[in-house]
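Visitor: This structure is in structure tokens; I'll ask about it shortly.
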Amino acid sequence: MSDNRDNEQPHHLQPVGQSGQQMAVYDPSVQGRVDDDETIDLREYWRILVKRKWTVIGVVAIVVTAALLSSLLMVPEYRSSARIEINPESSRILNYQDFAPEQQGWNATSIFYSTQFEILKSGALAEQVIRQEQLQDQPELLGQVRQRSVMGEIRSLFRTVTRAILPGGDGPGEGVERSTPSAEQQDEAKIRRAANALRSRISVQRVEESRLVDVSVRAFDPQLAQQLANAVVENYRQMTMQRRYDSGSEAREFLQEQLQDMRIQLERADQALMDFARDKNVADLEDLLDRARSAIDRFSDRKNEIDEELVQLESWKNLIEQGRTEHLDPIVNSESVDQLEDRLVEARSEYAELSQRFQDSYPEVQEVLNRIERLEAELAAEKEQMVEGILGRYENLQAQAESLDEAIDERESRMLALNEQAVQYNILQREFETNRELYDGLLQRMKEIGVASGIQENNITLIEEAMAAGAPFKPNVPRNLAMALVIGLMAGVGLALVLEFLDSSIRRVEDIERLVDRPVLGMVPLVKLRQKESDSDKKARDNERIVSHYSAVHPNSSVSEAFRSLRTSLMFSTPEGLPRTIMLTSSGMGEGKTTTAVNLATVLAQNGSRVLLIDADLRKPRIHRDFNLFRSPGLTNRIALSDNEGRDHSAIHATHVPDMFIMPSGSATPSPAEMLSSERLAKVLDSCRRAFDYIIMDAPPTLGLADSMILARQVDGVVVVARAARTGKENFRVAMKRLAQVKAPVLGVVLNGVDLDSPEYAYYSSYYYNYEAEEEPAEDAPKLGSSSAS
């Protein structure tokens, strides 16, 4: 619903439908939630297109109409095509690779045909055709006959008007002497102009999976199109033949010069290689290098083995120097040491048993002691022998390692000397081999060119000559209209999506759920009251009041059911049930909070509860006008006289709805925020709680005012009203954030003004039953006035 005063706008009521949740202080940290499901919802796009169908239809109509006009204005064009076969050139001037890598395969074939297509559309070929066919005076090629189009006609009209308005003259000024071009220069200019026109009319298309190519030329005259197509193909064949012949002549002259120079270079390279081998005695250079490498490899392998063993021996040597011989691996793993130690342990065990019964002087004990002494000496000698073996092995391997290093260094020096000689030898040998290969290749190619000098084979073959077209190919009205329809649909859909993207207002429940983490308590359908322009102001005000009292005037309507659903949602919004004091606010004006407050109070009273509706909007109060009451006495008067509230009930008025009472805003005050922040307001609310079951407060908008922030701390719950297609998303988000800053107990959101006839609400409208027809109130409908409460 809406409390907008503009009579030209339809009145709105807000929906209710979603089940409530437990009351909690709104947390802005969870704003802007993004659904985890990132799949594309095609139904959402379909909804946008149905909603903006007239935008799409309008764009399609404009594009199709423009295409139709352009097609009707066009001069018929004819196209003639000749088919030729183009085979890739297989002959080569040189039989060896060039500096650049040669391209092969599909890519090379594609580049070849692309090159031929550009030659077919080149300026040189077009000029050759114009000269051969003597077409430099053809009116169509000189631009005297042109194609018509909508934009072309507009430009032509603009030029005509410009010439008629601006003063005439053939030059930039008078008295300037200009030279007149000669007849030959004029002919050349015509040829270039006609050639440029011909280039723009040539099109080349390759037949798929073949070497056939269609060369087409379009013209307004079918005979001219045929003549030009055949002339282009014939001149292309001649140009290709001439280019191949010129290439062969140039190749022969080039090869003759290069052969003479190459023969001299080959002889010099051969002589230099022989002189170097004789002077350095390196005819068997490769064998010497191989033997040196083999010796170095053998020595290196042996050196690596010695180094690995020296690493282990050095660790044992360190243990020996530290006196920790018992930790040496050879001693630890020695079987003889293990046997001696086992025997020593047995002897000591035997001694321990005998010493308990006999003295050391006893013969058997003495014999055991002698055996222990002997075993200990043998064990020490065995370990000493192993230590000496380790140290001897270490010194021996060190001597071998030094000898191997000297041998490796000696052979590496010899190998370096051989490599230095090999570098120069290899350079001379490669130069000789390269010159010999070049000379052989040039000589072979020279002989081939000499044999084939009188043979010229063209790789261009004419398959079908061009014929005069029997019907024009342009304009193709069905195709143009079909393309225009497709383009128009694409443009219309794109424009519709852009408009939807630019729409920053809240329109559906999903928009609210994505912005804030508060439940949508319900939706209220849009109420449209017919009003003629001849209606009086009184009739308009009566219609406005009917909207505010819609639940009382039409108790069986879908709007009333929506508010009853809102009442049910509020009952489950907190663990304690329906909050006793509820404040209704919105982000801005005209979003329907006052109308929602009146109807919510009405359905609560219809449920048998005593309800007090307080107009807490001290800046722009409205409720007193909807109930035909005076503004004062009201809330401000009760706040000012809160000490006498037990005796003063003049600020509370009964209404036409049983058990529903209202408290107007009261006398105007210069500082509404200070008035509402007074401690007396709490006393007024406490006294009202004792007299009524529920208190509904109509608060000012949240943005730009502090009144709602103050009142939010005095109530048990806050309901935020948003108007569909009017409340801005950013304004709504900021308003919710301001309420969160003061820790307001936000119960949820009510979406108002939902047009169930709109495609975007088709899903929700299916949840409303077919109620009775919502007509104007009958004569016996309840009166909208009120009287003072006793």
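Here, A, B, ... name the chains of the structure tokens in the order displayed, residue numbers run from 1 inside each chain, and ligands are numbered from 1 in the same displayed order.
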If you run DSSP on this backbone, which residues of segment 537-704 of chain A come out as helix (DSSP H, G or I), and could you give them as an MDAnalysis selection string?
Guide: chainID A and resid 537:548 550:553 558:571 593:606 623:626 635:640 642:644 672:676 679:691
Visitor: Just give me the gap between atom CA of Arg436 of chain A and atom CA of Ala422 of chain A in Å, one decimal is fine.
Guide: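 Interatomic distance, atom CA of Arg436 of chain A to atom CA of Ala422 of chain A: 20.6 Å.
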Visitor: Neighbouring residues of Leu613 of chain A were defined as those with any atom within 8 Å, considering only C-alpha atoms; residues of the same chain fewer than 5 positions away were excluded. Please report them as a CSV table (one decimal) with N, CA, C and O atoms, in the first residue's frame.
Guide:
```
chain,number,residue,atom,x,y,z
A,597,ALA,N,0.6,0.5,8.6
A,597,ALA,CA,0.3,0.5,10.0
A,597,ALA,C,-1.2,0.5,10.3
A,597,ALA,O,-1.6,-0.2,11.2
A,598,VAL,N,-1.9,1.3,9.5
A,598,VAL,CA,-3.4,1.3,9.8
A,598,VAL,C,-4.0,0.0,9.5
A,598,VAL,O,-4.8,-0.5,10.3
A,601,ALA,N,-3.0,-2.6,12.2
A,601,ALA,CA,-3.8,-2.4,13.4
A,601,ALA,C,-5.2,-2.9,13.3
A,601,ALA,O,-5.8,-3.4,14.2
A,660,MET,N,-10.2,-0.9,18.2
A,660,MET,CA,-9.0,-0.2,17.6
A,660,MET,C,-9.1,1.3,17.9
A,660,MET,O,-10.1,1.9,17.7
A,661,PHE,N,-8.0,1.8,18.5
A,661,PHE,CA,-8.0,3.2,18.9
A,661,PHE,C,-6.7,3.8,18.3
A,661,PHE,O,-5.7,3.2,18.0
A,662,ILE,N,-6.8,5.2,18.2
A,662,ILE,CA,-5.7,5.9,17.6
A,662,ILE,C,-5.3,7.0,18.5
A,662,ILE,O,-6.1,7.6,19.3
A,663,MET,N,-4.0,7.4,18.4
A,663,MET,CA,-3.4,8.5,19.1
A,663,MET,C,-2.7,9.4,18.0
A,663,MET,O,-1.7,9.0,17.5
A,695,ILE,N,0.5,-2.2,20.6
A,695,ILE,CA,0.7,-0.8,20.2
A,695,ILE,C,1.4,-0.7,18.9
A,695,ILE,O,2.5,-1.3,18.8
A,696,ILE,N,0.8,-0.1,17.9
A,696,ILE,CA,1.4,0.1,16.6
A,696,ILE,C,1.9,1.5,16.4
A,696,ILE,O,1.0,2.4,16.5
A,697,MET,N,3.1,1.8,16.1
A,697,MET,CA,3.6,3.1,16.0
A,697,MET,C,4.0,3.4,14.5
A,697,MET,O,4.8,2.6,14.0
A,698,ASP,N,3.5,4.4,14.0
A,698,ASP,CA,3.8,4.9,12.6
A,698,ASP,C,4.9,5.9,12.7
A,698,ASP,O,4.7,7.0,13.1
```
Visitor: Calculated over only C-alpha atoms, which of the candidates A:Leu756, A:Leu69, A:Ala219, A:Met415 has the smallest distance to Leu289 of chain A?
Guide: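 Smallest separation from Leu289 of chain A among the options: A:Met415.
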Visitor: Per DSSP on the backbone, what are the strand (DSSP E or B) residues of segment 593-777 of chain A, as a PyMOL selection string?
Guide: chain A and resi 611-615+653-655+660-663+694-698+717-723+728+746-754
